[in-house]
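Data file: entry-v8.txt. Format and content: compact mmCIF, C-alpha atoms.
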```
# COMPACT_ATOMS: atom_id res chain seq x y z
CA MET A 5 -12.02 -14.63 -10.14
CA GLY A 6 -8.63 -13.45 -8.86
CA PRO A 7 -6.86 -12.19 -6.83
CA LEU A 8 -7.49 -15.32 -4.80
CA ILE A 9 -6.98 -14.11 -1.24
CA PRO A 10 -8.83 -10.75 -1.32
CA GLN A 11 -11.72 -12.55 -3.08
CA GLU A 12 -11.61 -15.13 -0.28
CA ILE A 13 -11.23 -18.04 -2.68
CA ILE A 14 -8.20 -18.96 -0.58
CA ALA A 15 -8.49 -18.20 3.14
CA GLU A 16 -6.31 -15.40 4.45
CA GLY A 17 -4.53 -17.76 6.81
CA TRP A 18 -2.75 -19.27 3.83
CA ASN A 19 -1.04 -15.94 3.12
CA PHE A 20 2.05 -16.67 5.17
CA PHE A 21 2.32 -20.24 3.97
CA ILE A 22 2.18 -19.14 0.32
CA ALA A 23 4.63 -16.35 1.09
CA PHE A 24 6.93 -18.95 2.66
CA VAL A 25 6.79 -21.23 -0.38
CA VAL A 26 7.27 -18.33 -2.82
CA GLY A 27 10.09 -16.98 -0.64
CA VAL A 28 11.94 -20.28 -0.60
CA GLY A 29 11.50 -20.56 -4.35
CA PHE A 30 12.71 -17.00 -4.85
CA GLY A 31 15.80 -17.62 -2.75
CA PHE A 32 16.51 -20.87 -4.60
CA VAL A 33 16.26 -19.18 -7.99
CA LEU A 34 18.46 -16.27 -6.85
CA GLU A 35 21.10 -18.72 -5.67
CA GLN A 36 20.89 -20.83 -8.82
CA ALA A 37 21.23 -17.72 -11.00
CA GLY A 38 24.47 -16.91 -9.20
CA PHE A 39 23.15 -13.82 -7.46
CA SER A 40 24.80 -14.88 -4.23
CA SER A 41 28.02 -13.56 -5.72
CA SER A 42 28.43 -9.88 -4.90
CA ARG A 43 30.14 -9.40 -8.26
CA LYS A 44 26.89 -10.08 -10.07
CA LEU A 45 25.08 -7.07 -8.64
CA ALA A 46 28.07 -4.73 -8.65
CA GLY A 47 28.65 -5.83 -12.24
CA VAL A 48 25.48 -4.10 -13.37
CA PHE A 49 26.98 -0.79 -12.32
CA TYR A 50 30.35 -1.43 -13.95
CA GLY A 51 28.79 -3.02 -17.03
CA TYR A 52 30.63 -6.34 -17.07
CA ASP A 53 27.70 -8.44 -15.91
CA THR A 54 24.12 -7.43 -16.51
CA VAL A 55 22.35 -10.66 -15.59
CA VAL A 56 20.61 -9.05 -12.62
CA LEU A 57 19.18 -6.30 -14.78
CA LYS A 58 17.98 -8.81 -17.35
CA VAL A 59 16.46 -11.16 -14.80
CA PHE A 60 14.55 -8.47 -12.94
CA PHE A 61 13.34 -6.72 -16.06
CA THR A 62 12.24 -10.02 -17.56
CA ALA A 63 10.40 -10.80 -14.33
CA ALA A 64 8.73 -7.36 -14.31
CA VAL A 65 7.70 -7.55 -17.95
CA THR A 66 6.41 -11.12 -17.57
CA ALA A 67 4.38 -10.22 -14.49
CA MET A 68 3.08 -7.05 -16.14
CA LEU A 69 1.97 -8.83 -19.30
CA GLY A 70 0.54 -11.69 -17.26
CA LEU A 71 -1.57 -9.36 -15.13
CA LEU A 72 -2.79 -7.33 -18.09
CA TYR A 73 -3.76 -10.43 -20.09
CA PHE A 74 -5.40 -12.00 -17.06
CA SER A 75 -7.34 -8.79 -16.57
CA LEU A 76 -8.30 -8.81 -20.24
CA PHE A 77 -9.69 -12.33 -19.91
CA ASP A 78 -11.42 -11.30 -16.67
CA TRP A 79 -9.39 -13.75 -14.61
CA ILE A 80 -8.21 -11.08 -12.20
CA ASP A 81 -9.65 -7.81 -10.94
CA LEU A 82 -6.77 -5.34 -11.07
CA ASN A 83 -8.62 -2.98 -8.73
CA LEU A 84 -8.10 -5.48 -5.93
CA VAL A 85 -4.38 -5.84 -6.56
CA TRP A 86 -2.27 -3.99 -4.03
CA VAL A 87 -0.38 -0.98 -5.36
CA ASN A 88 2.38 0.36 -3.13
CA PRO A 89 1.58 3.87 -1.93
CA THR A 90 3.94 6.52 -3.25
CA PHE A 91 5.79 8.82 -0.90
CA LEU A 92 7.82 10.67 -3.51
CA TRP A 93 10.76 11.86 -1.44
CA SER A 94 11.04 8.58 0.42
CA ALA A 95 11.17 6.79 -2.91
CA ILE A 96 13.85 9.06 -4.36
CA ILE A 97 16.11 9.23 -1.31
CA GLY A 98 15.55 5.59 -0.42
CA GLY A 99 16.34 4.62 -4.00
CA VAL A 100 19.62 6.52 -3.96
CA ILE A 101 20.68 4.99 -0.62
CA MET A 102 19.65 1.53 -1.74
CA GLY A 103 21.43 1.92 -5.09
CA ALA A 104 24.61 3.09 -3.39
CA GLY A 105 24.34 0.08 -1.08
CA PHE A 106 24.03 -2.24 -4.08
CA ILE A 107 27.24 -0.89 -5.59
CA ILE A 108 29.23 -0.77 -2.35
CA GLY A 109 28.03 -4.03 -0.86
CA GLY A 110 27.21 -5.98 -3.98
CA TYR A 111 23.99 -7.35 -2.52
CA CYS A 112 20.35 -6.45 -2.38
CA PRO A 113 18.56 -7.47 0.82
CA GLY A 114 17.27 -10.64 -0.85
CA THR A 115 20.55 -11.80 -2.34
CA SER A 116 22.41 -11.02 0.88
CA VAL A 117 20.27 -13.61 2.68
CA CYS A 118 20.99 -16.09 -0.12
CA ALA A 119 24.72 -15.48 0.13
CA LEU A 120 24.56 -15.59 3.91
CA SER A 121 22.89 -18.98 3.84
CA ILE A 122 25.71 -20.45 1.74
CA GLY A 123 28.20 -19.04 4.24
CA LYS A 124 29.65 -15.95 2.59
CA ILE A 125 31.33 -13.74 5.18
CA ASP A 126 30.84 -10.46 3.31
CA ALA A 127 27.10 -11.25 3.15
CA MET A 128 27.03 -11.75 6.92
CA ILE A 129 28.56 -8.33 7.40
CA PHE A 130 26.16 -6.84 4.86
CA PHE A 131 23.27 -8.50 6.71
CA GLY A 132 24.48 -7.00 9.98
CA GLY A 133 24.59 -3.63 8.23
CA ILE A 134 20.91 -3.96 7.37
CA PHE A 135 20.11 -4.17 11.06
CA ILE A 136 22.33 -1.21 11.88
CA GLY A 137 20.42 0.70 9.22
CA ILE A 138 17.08 -0.37 10.67
CA PHE A 139 18.22 0.65 14.14
CA LEU A 140 19.42 4.07 12.96
CA PHE A 141 16.19 4.61 11.08
CA GLY A 142 14.16 3.72 14.14
CA GLU A 143 16.20 5.95 16.42
CA THR A 144 16.07 8.97 14.10
CA TYR A 145 12.49 8.39 12.95
CA ALA A 146 11.18 11.49 14.76
CA ILE A 147 13.63 13.68 12.82
CA ILE A 148 13.13 11.96 9.48
CA LYS A 149 9.36 11.64 9.70
CA PRO A 150 8.39 14.91 7.91
CA LEU A 151 10.60 13.97 4.97
CA TYR A 152 9.54 10.32 5.16
CA MET A 153 5.87 11.24 4.87
CA ALA A 154 6.34 14.12 2.38
CA GLU A 155 4.67 14.20 -1.04
CA TYR A 156 2.18 11.44 -0.37
CA LEU A 157 0.62 10.60 -3.71
CA GLY A 158 -1.57 7.65 -2.75
CA ASN A 159 -1.66 4.29 -4.50
CA ILE A 160 -1.00 5.76 -7.91
CA LYS A 161 0.11 4.07 -11.07
CA LEU A 162 2.40 5.54 -13.71
CA SER A 163 -0.31 5.14 -16.33
CA ASP A 164 -2.69 7.33 -14.28
CA VAL A 165 -0.07 10.05 -13.91
CA LEU A 166 0.73 10.08 -17.62
CA GLY A 167 -2.93 9.80 -18.58
CA ILE A 168 -2.46 6.83 -20.90
CA SER A 169 -3.97 3.37 -20.75
CA GLN A 170 -2.20 0.62 -18.84
CA GLY A 171 -1.69 -1.34 -22.04
CA THR A 172 0.04 1.53 -23.82
CA LEU A 173 2.30 2.09 -20.85
CA ALA A 174 3.09 -1.63 -20.78
CA PHE A 175 4.09 -1.43 -24.42
CA PHE A 176 6.51 1.43 -23.69
CA VAL A 177 7.94 -0.47 -20.72
CA ILE A 178 8.55 -3.47 -22.99
CA ILE A 179 10.31 -1.25 -25.55
CA ALA A 180 12.42 0.25 -22.76
CA ALA A 181 13.26 -3.23 -21.43
CA LEU A 182 14.24 -4.49 -24.88
CA VAL A 183 16.45 -1.46 -25.53
CA MET A 184 18.07 -2.08 -22.16
CA PHE A 185 18.66 -5.75 -23.02
CA TYR A 186 20.47 -4.76 -26.21
CA VAL A 187 22.50 -2.09 -24.43
CA ALA A 188 23.35 -4.65 -21.74
CA GLU A 189 24.60 -7.10 -24.37
CA ILE A 190 26.83 -4.41 -25.85
CA ALA A 191 28.09 -3.38 -22.41
CA GLU A 192 29.01 -6.95 -21.55
CA LYS A 193 31.03 -7.21 -24.75
CA ASN A 194 32.81 -3.92 -24.11
CA PHE A 195 33.60 -4.43 -20.43
CA PRO A 196 34.45 -8.13 -20.22
CA ARG A 197 35.63 -9.63 -16.97
CA LYS A 198 36.52 -13.08 -15.84
CA GLU A 199 33.68 -15.07 -14.29
CA TYR A 200 34.32 -16.13 -10.71
CA MET G 24 21.88 -13.36 -29.53
CA LEU G 25 19.29 -15.62 -31.13
CA THR G 26 17.36 -15.94 -27.87
CA LEU G 27 17.33 -12.18 -27.49
CA LYS G 28 15.85 -11.80 -30.96
CA ARG G 29 13.23 -14.41 -30.20
CA LEU G 30 12.44 -12.72 -26.90
CA THR G 31 12.14 -9.38 -28.68
CA ALA G 32 9.67 -10.82 -31.17
CA ILE G 33 7.49 -12.40 -28.46
CA LEU G 34 7.48 -9.43 -26.08
CA PHE G 35 6.95 -6.93 -28.88
CA GLY G 36 4.01 -8.91 -30.21
CA LEU G 37 2.35 -9.35 -26.83
CA GLY G 38 2.99 -5.70 -25.96
CA LEU G 39 1.50 -4.50 -29.21
CA VAL G 40 -1.69 -6.47 -28.60
CA ILE G 41 -2.08 -5.25 -25.04
CA ALA G 42 -1.44 -1.65 -26.11
CA PHE G 43 -4.40 -1.65 -28.44
CA VAL G 44 -7.03 -3.66 -26.59
CA PRO G 45 -9.41 -1.67 -24.42
CA GLU G 46 -8.66 -2.25 -20.75
CA ASN G 47 -11.06 -3.46 -18.08
CA THR G 48 -13.74 -4.39 -20.53
CA THR G 49 -15.83 -6.13 -17.93
CA LYS G 50 -15.54 -3.61 -15.13
CA PRO G 51 -18.98 -2.27 -14.25
CA TYR G 52 -19.10 1.47 -13.72
CA LYS G 53 -22.10 1.17 -11.47
CA LEU G 54 -22.45 -1.55 -8.92
CA SER G 55 -25.29 -3.99 -9.28
CA ALA G 56 -27.81 -4.26 -6.46
CA ALA G 57 -26.46 -7.73 -5.63
CA ASP G 58 -22.91 -6.36 -5.30
CA MET G 59 -24.15 -3.61 -3.03
CA LEU G 60 -26.01 -6.12 -0.88
CA THR G 61 -22.86 -8.18 -0.43
CA GLU G 62 -20.85 -5.14 0.58
CA VAL G 63 -23.50 -3.98 3.01
CA GLN G 64 -23.80 -7.45 4.54
CA PHE G 65 -20.09 -7.76 5.07
CA GLY G 66 -19.88 -4.17 6.29
CA THR G 67 -16.68 -3.58 4.34
CA GLN G 68 -17.28 0.17 4.43
CA MET G 69 -17.18 0.36 8.22
CA VAL G 70 -14.29 1.86 10.10
CA SER G 71 -14.32 1.35 13.86
CA PRO G 72 -13.67 4.31 16.21
CA ASP G 73 -10.58 2.52 17.52
CA GLU G 74 -9.10 2.21 14.04
CA LEU G 75 -9.85 5.85 13.31
CA ALA G 76 -8.38 7.03 16.61
CA ASP G 77 -5.25 5.06 15.89
CA TRP G 78 -4.84 6.65 12.46
CA LEU G 79 -5.54 10.15 13.73
CA ILE G 80 -3.04 9.81 16.56
CA ASN G 81 -0.42 8.58 14.12
CA LYS G 82 -1.31 11.46 11.80
CA ASP G 83 -1.89 9.08 8.91
CA PRO G 84 -1.70 11.31 5.82
CA SER G 85 -4.06 9.09 3.82
CA ILE G 86 -7.10 9.83 5.97
CA GLN G 87 -9.70 12.43 5.00
CA LEU G 88 -12.57 12.89 7.42
CA ILE G 89 -15.80 14.13 5.88
CA ASP G 90 -18.57 15.55 8.07
CA ILE G 91 -21.92 14.78 6.44
CA ARG G 92 -24.01 16.93 8.83
CA THR G 93 -25.28 20.46 8.30
CA PRO G 94 -22.83 23.41 8.42
CA LYS G 95 -24.43 24.55 11.68
CA GLU G 96 -23.76 21.25 13.41
CA TYR G 97 -20.30 21.21 11.89
CA GLU G 98 -19.50 24.59 13.41
CA GLN G 99 -20.65 23.48 16.84
CA PHE G 100 -18.42 20.44 16.89
CA HIS G 101 -16.41 18.47 14.39
CA LEU G 102 -13.44 16.16 14.40
CA GLU G 103 -10.12 17.81 13.67
CA GLY G 104 -9.28 18.05 9.99
CA ALA G 105 -12.78 17.15 8.81
CA LEU G 106 -14.28 18.62 5.67
CA ASN G 107 -17.95 19.60 5.78
CA ILE G 108 -19.96 18.15 2.91
CA PRO G 109 -23.66 18.13 3.89
CA LEU G 110 -25.57 15.14 2.53
CA SER G 111 -27.68 17.38 0.28
CA LYS G 112 -24.54 18.59 -1.48
CA ILE G 113 -22.71 15.28 -1.77
CA LEU G 114 -23.39 14.97 -5.50
CA ASP G 115 -22.53 18.62 -6.32
CA ASP G 116 -19.77 19.25 -8.83
CA GLU G 117 -17.99 21.24 -6.15
CA TRP G 118 -17.30 18.12 -4.11
CA VAL G 119 -17.03 15.42 -6.75
CA ASP G 120 -13.23 15.58 -6.75
CA TYR G 121 -13.24 14.86 -3.03
CA VAL G 122 -15.62 11.91 -3.01
CA ASN G 123 -14.49 10.36 -6.30
CA GLN G 124 -10.75 9.94 -6.04
CA GLY G 125 -8.13 7.25 -5.63
CA ILE G 126 -5.65 8.87 -3.27
CA LYS G 127 -7.12 9.33 0.16
CA MET G 128 -9.33 7.22 2.35
CA ASN G 129 -12.50 9.22 2.95
CA ILE G 130 -14.30 8.53 6.20
CA PHE G 131 -17.87 9.82 6.34
CA TYR G 132 -19.34 10.55 9.72
CA SER G 133 -22.55 12.02 11.11
CA ASN G 134 -24.13 11.96 14.56
CA GLY G 135 -25.34 8.42 14.14
CA THR G 136 -24.75 6.43 11.00
CA THR G 137 -27.89 7.14 9.00
CA LEU G 138 -26.61 10.15 7.07
CA SER G 139 -23.14 8.78 6.54
CA GLN G 140 -24.49 5.41 5.39
CA GLU G 141 -26.76 7.21 2.92
CA ALA G 142 -23.83 9.22 1.62
CA TRP G 143 -21.77 6.06 1.29
CA MET G 144 -24.59 4.22 -0.53
CA LEU G 145 -24.99 7.07 -3.00
CA THR G 146 -21.32 7.37 -3.81
CA ARG G 147 -20.70 3.61 -3.82
CA GLN G 148 -23.58 3.06 -6.23
CA LEU G 149 -21.86 5.47 -8.60
CA GLY G 150 -18.77 3.26 -8.43
CA TYR G 151 -16.72 5.64 -6.32
CA GLU G 152 -14.10 3.98 -4.17
CA ASN G 153 -12.15 4.80 -1.03
CA ASN G 154 -15.21 5.99 0.88
CA TYR G 155 -15.85 4.58 4.33
CA VAL G 156 -18.24 5.13 7.22
CA LEU G 157 -17.33 5.76 10.84
CA GLN G 158 -19.07 3.01 12.77
CA GLY G 159 -21.65 4.43 15.14
CA GLY G 160 -20.90 8.01 14.16
CA LEU G 161 -20.02 10.78 16.58
CA ASN G 162 -22.27 9.38 19.30
CA TYR G 163 -20.35 6.13 19.45
CA TRP G 164 -17.06 8.05 19.09
CA THR G 165 -17.89 10.04 22.22
CA GLU G 166 -18.98 6.93 24.05
CA THR G 167 -15.97 4.78 23.21
CA ILE G 168 -13.05 7.10 22.57
CA LEU G 169 -13.74 10.28 24.51
CA ASN G 170 -15.46 8.68 27.51
CA PRO G 171 -14.49 5.02 27.54
CA SER G 172 -16.04 2.92 30.25
CA ALA G 173 -13.90 0.46 32.15
CA PRO G 174 -14.49 -3.21 31.48
CA SER G 175 -15.35 -5.46 34.39
CA LEU G 176 -12.57 -7.13 36.32
CA PHE G 177 -13.25 -10.46 34.69
CA SER G 178 -13.02 -9.25 31.11
CA ALA G 179 -10.80 -10.94 28.56
CA ASP G 180 -7.30 -9.54 28.07
CA ASP G 181 -8.10 -7.96 24.72
CA GLU G 182 -11.06 -6.13 26.26
CA ILE G 183 -8.70 -4.62 28.82
CA ALA G 184 -6.10 -3.82 26.16
CA LYS G 185 -8.82 -2.08 24.15
CA TYR G 186 -9.78 -0.03 27.20
CA GLU G 187 -6.15 0.94 27.80
CA PHE G 188 -5.91 2.11 24.20
CA ARG G 189 -9.13 4.09 24.49
CA LYS G 190 -7.96 5.71 27.73
CA GLY G 191 -4.81 6.88 25.93
CA ALA G 192 -6.79 8.04 22.94
CA SER G 193 -9.23 9.90 25.16
CA GLN G 194 -6.37 11.93 26.61
CA TYR G 195 -5.07 12.64 23.14
CA PHE G 196 -8.41 13.92 21.88
CA GLY G 197 -9.13 15.82 25.09
CA GLY G 198 -12.00 13.67 26.28
CA GLY G 199 -13.32 13.91 29.83
CA GLY G 200 -13.69 10.31 30.87
CA VAL G 201 -10.26 9.51 32.21
CA LYS G 202 -9.87 9.29 35.93
CA SER G 203 -8.12 7.08 38.46
CA SER G 204 -4.88 5.10 38.27
CA THR G 205 -1.78 6.82 39.56
CA SER G 206 0.35 6.51 36.45
CA GLN G 207 -2.04 8.73 34.52
CA ALA G 208 -0.66 12.01 35.84
CA LYS G 209 2.82 11.23 34.62
CA SER G 210 1.89 10.07 31.18
CA LYS G 211 -0.38 13.03 30.58
CA ALA G 212 2.40 15.17 29.20
CA SER G 213 3.69 12.71 26.67
CA LYS G 214 1.77 11.43 23.70
CA PRO G 215 0.18 8.07 24.46
CA LYS G 216 2.11 5.20 23.01
CA ILE G 217 -0.13 3.37 20.66
CA LYS G 218 0.93 0.65 18.31
CA ARG G 219 0.02 1.35 14.73
CA LYS G 220 -2.25 -1.26 13.27
CA LYS G 221 -1.88 -2.23 9.68
CA LYS G 222 -4.71 -1.31 7.39
CA LYS G 223 -6.49 -4.08 5.59
CA LYS G 224 -4.43 -4.33 2.46
CA ALA G 225 -2.65 -7.05 0.56
CA PRO G 226 0.87 -7.95 1.67
CA GLN G 227 3.78 -6.09 0.21
CA GLY G 228 6.94 -7.55 -1.21
CA GLY G 229 10.36 -6.57 -2.46
CA CYS G 230 13.74 -7.68 -3.58
```
Take the structure in this file and express it as structure tokens.
Amino acid sequence: MGPLIPQEIIAEGWNFFIAFVVGVGFGFVLEQAGFSSSRKLAGVFYGYDTVVLKVFFTAAVTAMLGLLYFSLFDWIDLNLVWVNPTFLWSAIIGGVIMGAGFIIGGYCPGTSVCALSIGKIDAMIFFGGIFIGIFLFGETYAIIKPLYMAEYLGNIKLSDVLGISQGTLAFFVIIAALVMFYVAEIAEKNFPRKEY
Amino acid sequence: MLTLKRLTAILFGLGLVIAFVPENTTKPYKLSAADMLTEVQFGTQMVSPDELADWLINKDPSIQLIDIRTPKEYEQFHLEGALNIPLSKILDDEWVDYVNQGIKMNIFYSNGTTLSQEAWMLTRQLGYENNYVLQGGLNYWTETILNPSAPSLFSADDEIAKYEFRKGASQYFGGGGVKSSTSQAKSKASKPKIKRKKKKKAPQGGC
């Protein structure tokens, strides 16, 4: 039966409303989990606080298992679920820039808005930086475009590239996530730091 | 640590099950006649000339034009970047990798729509995805994009906006139908500014 909007079980006009509700919920959860502290995100890099890693990997694994089980029970048609198109170089370079930004600024775009809304000054500056980045990107787009569009791979999935079934890949992702959780626990013990 | 152990047990168990069940058990390889009828009625395979012009001008890398007509017709005139796969050869092994793939958006076109619709029907019936049909074919392309006709003075704003877009596109593709209006001469040198429309896809998200 799902996904609900592409199958027109829910009208498309509801898209923004649902996005709004989910967005508010997402922001609330981020704030409640303490992600509006820049130390939380920077902590992943230095190893003293790995909550962000755990939360996002738990979310990814939950969503992945949910989708695969839903598909198994024929509750959702995975072919209709949007897969982000892959532009390989954009992904690599963008990932490096974004990662560096996480370490330097201590926020991801989402958590910066959370922190901004509870009045953190560093988040306001970070948020301003986002717009400077957008402006620079827009102004230099003509120069960047060949690189930005390079290595277009379409809406591919990792399981297609590796030639294994989605379920098998999911299993490996779960193993990887669990290993990471254990490593994170050890890291937190080895690099303790006072909670602010 | 106890919660982590419990989490490990649950995730490992669920992962193990999903790793060994066959995926997409209910997905039909071939479409049923009823499914085809629904798709045809909704016209989901149709791409309008305006959409196509927009993508071509923006050099969208995900577009692959496929000319369904005979090689002779293809040599006389074809859209830039189009592959020639005559209808009679559409099921050949030589072309199967082009028409059955998940990367690009194939747009079939012929002079009208008969041939391209037939090609689409054949490939869709086999369960191939990402194949689309240029609405109205080359005839309608010439009529709307290369030689757009001006709307009447009392047309709605979006009609006029559409015409403005087509005028720009016509210049881009080297059509002959653009005359009048003084600003044209100036803008001829630069690429027409056309806003990129979003393709019909689900919304994206991120952190």
I need the residue nearest chain G from this list: A:Gly17, A:Gly158, A:Gly132, A:Pro7. Use all atoms listed in the file for the distance.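 For chain G, the nearest of the given residues is A:Gly158.
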Could you name the residues that touch segment 140-152 of chain A at 8 Å or less, counting all atoms listed in the file, but leaving out those on the same chain fewer than 5 positions away, as a PDB file with C-alpha atoms, in the coordinates of the input?
```pdb
ATOM      1  CA  PHE A  91       5.790   8.820  -0.900  1.00  0.00           C
ATOM      2  CA  TRP A  93      10.760  11.860  -1.440  1.00  0.00           C
ATOM      3  CA  SER A  94      11.040   8.580   0.420  1.00  0.00           C
TER       4      SER A  94
END
```
Could you check how far atom CA of Lys58 of chain A sits from atom CA of Gln170 of chain A, in Å to one decimal? 22.3 Å
Using only C-alpha atoms, what residues lie at most 12 Å away from (14.2, -12.2, -5.0) (file coordinates), given as a ChimeraX atom specification? /A:26-37,39-40,56,59-60,63-64,111-118 /G:228-230
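Close contacts of Val48 of chain A, defined as residues with an atom at most 10 Å away when counting all atoms listed in the file, with chain neighbours fewer than 4 positions off set aside, comprise Arg43, Lys44, Tyr52, Asp53, Thr54, Val55, Val56, Leu57, Lys58, Phe106, Ile107, Gly110, Ala188, Ala191 and Glu192 of chain A.
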List as number ranges by chain the protein and nucleic acid residues near segment 145-150 of chain G, meaning an atom at most 9 Å away when all atoms listed in the file are counted, but skip any in the same chain fewer than 3 places from it. G: 51-56, 59, 113-114, 122-123, 140-142, 154
Please indicate the distance in Å from atom CA of Ile91 of chain G to atom CA of Pro109 of chain G, rounded to one decimal place. 4.6 Å
Choose the residue, out of G:Tyr151, G:Tyr97, G:Phe196, G:Trp164, that has the smallest atom-to-atom separation from Asp120 of chain G; count all atoms listed in the file.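 Distance minimum relative to Asp120 of chain G lands on G:Tyr151.
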